[in-house]
Amino acid sequence: MIEILNIKKGFGEKIVINDVSAVFQTGKCNLIIGTSGSGKTVLMKCLVGLFEPDSGEIIYDGKNFSEMNEDHRKELRQSIGMLFQGSALFDSQTVEQNVMFPLDMFTKKTSAEKLKRVNEVLDRVNLQGANKKFPAEISGGMKKRVGIARAIVLNPKYLFCDEPNSGLDPQTSLLIDKLIKEITLEYNITTIVNTHDMNSVMEIGDHIMYMYQGIKEWEGSNKEIIFSKNKLLNDFIFASEFLRDAKDMRMLEVKGKIDNNRNMDELLK
Amino acid sequence: MKFFTEFGRYLLLLRGMFSRPENGKMYWKEFMHQCSEIGIGSLGIVAIISIFMGAVSTLQTAYQLVSPFIPLSTIAQIVRDTVILEFSPTLVCIVLAGVVGSKIASELGNMRVSEQIDALEIMGINTKSYLVMPKLMAAIIVIPMLVVISAVLGIIGGRLAGTLTGILSPAQFDKGLHQFFKPYNVFFAMAKAYTFAFIISSIPAFYGYNVSGGALEIGRASTKSVVVSCVLVLFADYVLSAVLL
C-alpha cells in the first residue's frame, strides 16, 4: 500500500501539485487520470523519487519515503518497477539484455538462472522468441511489453505505469491493460497507472483519482465514475458529444425509462 | 550568475559520481566497453591526424630553416619537440573533444530524453556513477595512451615525409631525434594529456546528462560541449605551459 499525504510540488512560481492525499491499495489497479498538464506525471515522479515534493509525505507500507536517506531509497527502489511512456528501453541492448539488466545489477544468480527468469517473464508478457531483437526492431506494443517484463523481473512490490497506452491502437491498448491487471492480481502488487485513456479507466480502474490543475478533484471506482455528478470529471470523461449522449442513454437505461438498444441504433444513424 | 550556477551543477555531478557501486562487475563491464569505444573507436582518426601532422611539421620546418649553418638534423629535433610538447597532446585532444565529446554528450542526452536515465534511477542505480564515472575513467586511462601513440606516429610521419621528399636522410633524422632530448617534455605532454582527458570527458558528460527537451536540445548540448571543451583545453594548455615550462 502506498499512502500520500498533503503532497505539494511547484516549479518556481507555478504550483503543479497542490495538497494531494490518497491511498493506493495493494492488489488493485490505481489509476491517476486527468487532462494534460493536470500534474499526473509530476505526482508519479514524486512518488518514485525522481522529483522531491516541496512538502507532504509518501509512505510505502508504513515506511516514510520522504524521510529515507539515499541508501534506504535505493533499497526500496529495487522493489519498484516502472513502465515509462516511451518504454525507456536501452537502445544498444537486445530485449533479453534489457530484461536481464536488473538481474545482472542486483542479483548474484548464475547466467542460467538469470536466463530462465528472463524467459519466464518474457513468456508472461507473450514475447517468446523476441530475446535477440533490438528495441528498434520491435513494435510499440512489444516495446511496452518488454518494459513490463523488465519492470516485473525482480518481483516488485510496486508497479508504476506512466501512460502505458500512449501511441498504441485500441486493441493493443486493451492487451496492455489486461496484462497490467493480471500482473497486479498475480503478484499482489500495488499498481499505479497514469492515463487519460478512458478504455483503461473502464477496463482496469479499481480505484481512480481524477486530477484537475494539480488538485485531487474526484476519487472512486470505475463503477462509480460513470454516475459521478462532478462537472469537471464529466467534462473530462465525456468530452465528445457522442459520449455525452451515450452516457445520458446509459443513465436513462439504468432508470429503466428507455430501451437502450433502440436508442443507440437511432443515435448511430 | 549563470556561469556559477552551471559550474556548481558541474561540481555536483562530479561529487555525485563517488558512491559505492551497486555491482562492481557491471561497472567494470561498462568501463571496459567505454575504453574500447573511446580508445579503439578513435584510433583511426588519431593515427591519420598524427602521421600527417608530423609530415607537415617536417616540411614546414625545413621550409623555414634556410640557413646553411643549421644542421639538417635540427629539423628532426624541432619536429620531435613540437609533436611531443604541443601537437600530440593539444591537437589530438581537440580532435578527440569533437569525436569523443560529442559522442558522450549525445549518448547521455539521448538517454535523458528517452527516460533511460530515469529508468536506471528508479531501479536504484546511481546514474552519475554508473553512466558518467566509467566514461571519465576510460577517457583518463585511454586518451594519454592515444597521445603517446600519436607522438610516435607523428615522428614516424615526419621521418617518412623528410625521407620521401629528400629533405633529410633517415640517418640525419634519427640523429636529430636523439639530440638534446629532455624526458621532462614527455612528463609535460602526459600532464597535459591527463588534464585534457578529464576536460573532454567531464564537460560533455555534464551537458549530455543535463539535457532537457528533445532531439534539438541533444544537438545543441553536443555542440556546446565540444565548443566549451575546446576552449577549456586551450585555456588549460596555456596554464600548464605557464606553470610547468
# chains A, B, ... in the order shown; residues from 1 in each chain; ligands from 1

$ interface_residues --of "chain B" --to "chain A" --cutoff "9 Å" --atoms "only C-alpha atoms" --output "list in words"
Glu22, Asn23, Gly24, Lys25, Met26, Met111, Ser114, Glu115, Gln116, Ile117, Asp118, Ala119, Glu121, Ile122, Met123, Gly124, Ile125 and Asn126 of chain B

$ residues_around --residues "B:Ala55" --least-positions-apart "2" --cutoff "6 Å" --atoms "only C-alpha atoms" --output "NGL selection string"
:B and (52-53 or 57-58 or 157-158 or 161)

$ write_last_selection --atoms "N, CA and C atoms" --output "compact mmCIF listing (two decimals), in the first residue's frame"
# COMPACT_ATOMS: atom_id res chain seq x y z
N PHE B 52 50.04 12.77 -40.60
CA PHE B 52 50.08 13.98 -41.44
C PHE B 52 50.62 15.19 -40.67
N MET B 53 50.28 15.24 -39.39
CA MET B 53 50.77 16.34 -38.55
C MET B 53 52.30 16.32 -38.51
N SER B 57 54.83 19.01 -40.30
CA SER B 57 55.81 19.70 -39.43
C SER B 57 57.20 19.64 -40.05
N THR B 58 57.56 18.47 -40.54
CA THR B 58 58.89 18.32 -41.16
C THR B 58 59.02 19.26 -42.36
N GLY B 157 55.72 9.86 -39.10
CA GLY B 157 55.21 10.62 -40.25
C GLY B 157 56.22 11.66 -40.70
N GLY B 158 56.82 12.34 -39.73
CA GLY B 158 57.82 13.37 -40.05
C GLY B 158 59.05 12.75 -40.72
N ALA B 161 58.11 11.75 -44.29
CA ALA B 161 58.00 12.91 -45.19
C ALA B 161 59.38 13.47 -45.52

$ residues_around --residues "B:Gly16" --least-positions-apart "4" --cutoff "7 Å" --atoms "only C-alpha atoms" --output "list of chain:residue names"
B:Leu12, B:Lys128, B:Ser129

$ write_last_selection --atoms "N, CA and C atoms" --output "CSV table (one decimal), in the first residue's frame"
chain,number,residue,atom,x,y,z
B,12,LEU,N,28.6,19.3,-8.7
B,12,LEU,CA,27.7,18.4,-8.0
B,12,LEU,C,27.6,17.1,-8.8
B,128,LYS,N,24.8,8.8,-12.1
B,128,LYS,CA,26.0,9.7,-12.2
B,128,LYS,C,27.2,8.7,-12.1
B,129,SER,N,27.1,7.8,-11.2
B,129,SER,CA,28.2,6.9,-11.0
B,129,SER,C,28.3,5.9,-12.1

$ atom_distance --atom1 "atom CA of B:Phe235" --atom2 "atom CA of B:Ile149"
23.8 Å

$ residues_around --residues "A:Leu47" --least-positions-apart "6" --cutoff "10 Å" --atoms "only C-alpha atoms" --output "ChimeraX atom specification"
/A:2-4,7,41,53,57-60,65-66,160,192

$ write_last_selection --atoms "C-alpha atoms" --output "PDB file, in the first residue's frame"
ATOM      1  CA  ILE A   2       1.197   3.477  -0.828  1.00  0.00           C
ATOM      2  CA  GLU A   3      -0.145   6.444   1.036  1.00  0.00           C
ATOM      3  CA  ILE A   4       0.419  10.056   0.074  1.00  0.00           C
ATOM      4  CA  ILE A   7       1.805  16.413  -1.341  1.00  0.00           C
ATOM      5  CA  THR A  41       3.255  12.750 -14.287  1.00  0.00           C
ATOM      6  CA  PRO A  53       7.963  17.117  -3.196  1.00  0.00           C
ATOM      7  CA  GLU A  57       4.678  12.570   2.922  1.00  0.00           C
ATOM      8  CA  ILE A  58       4.899   9.457   0.793  1.00  0.00           C
ATOM      9  CA  ILE A  59       4.521   6.242   2.756  1.00  0.00           C
ATOM     10  CA  TYR A  60       5.362   2.850   1.287  1.00  0.00           C
ATOM     11  CA  PHE A  65       9.881   7.618   1.721  1.00  0.00           C
ATOM     12  CA  SER A  66      10.295  11.348   2.325  1.00  0.00           C
ATOM     13  CA  PHE A 160       4.146   2.336 -11.794  1.00  0.00           C
ATOM     14  CA  ILE A 192      -0.416   2.944 -10.060  1.00  0.00           C
TER      15      ILE A 192
END

$ atom_distance --atom1 "atom CA of A:Leu122" --atom2 "atom CA of A:Ala149"
6.0 Å

$ residues_around --residues "B:Ala191" --least-positions-apart "4" --cutoff "9 Å" --atoms "only C-alpha atoms" --output "list in words"
Pro144, Val186, Phe187, Thr195, Phe196 and Leu240 of chain B

$ write_last_selection --atoms "N, CA and C atoms" --output "mmCIF file, in the first residue's frame"
data_model
loop_
_atom_site.group_PDB
_atom_site.id
_atom_site.type_symbol
_atom_site.label_atom_id
_atom_site.label_comp_id
_atom_site.auth_asym_id
_atom_site.auth_seq_id
_atom_site.Cartn_x
_atom_site.Cartn_y
_atom_site.Cartn_z
ATOM 1 N N PRO B 144 45.554 9.410 -22.692
ATOM 2 C CA PRO B 144 47.017 9.533 -22.666
ATOM 3 C C PRO B 144 47.717 8.458 -23.520
ATOM 4 N N VAL B 186 58.237 14.710 -22.052
ATOM 5 C CA VAL B 186 57.249 13.628 -22.082
ATOM 6 C C VAL B 186 56.336 13.747 -20.859
ATOM 7 N N PHE B 187 56.950 14.069 -19.707
ATOM 8 C CA PHE B 187 56.156 14.274 -18.487
ATOM 9 C C PHE B 187 55.139 15.411 -18.717
ATOM 10 N N THR B 195 45.086 16.042 -18.085
ATOM 11 C CA THR B 195 44.198 17.194 -17.841
ATOM 12 C C THR B 195 43.148 17.305 -18.939
ATOM 13 N N PHE B 196 43.607 17.203 -20.183
ATOM 14 C CA PHE B 196 42.674 17.348 -21.310
ATOM 15 C C PHE B 196 41.669 16.189 -21.345
ATOM 16 N N LEU B 240 49.030 25.293 -18.141
ATOM 17 C CA LEU B 240 50.033 24.252 -17.882
ATOM 18 C C LEU B 240 51.403 24.653 -18.439
#

$ closest_residue --among "A:Asn126, A:Gln213, A:Asn194, A:Asn131" --to "A:Leu232" --atoms "only C-alpha atoms"
A:Gln213
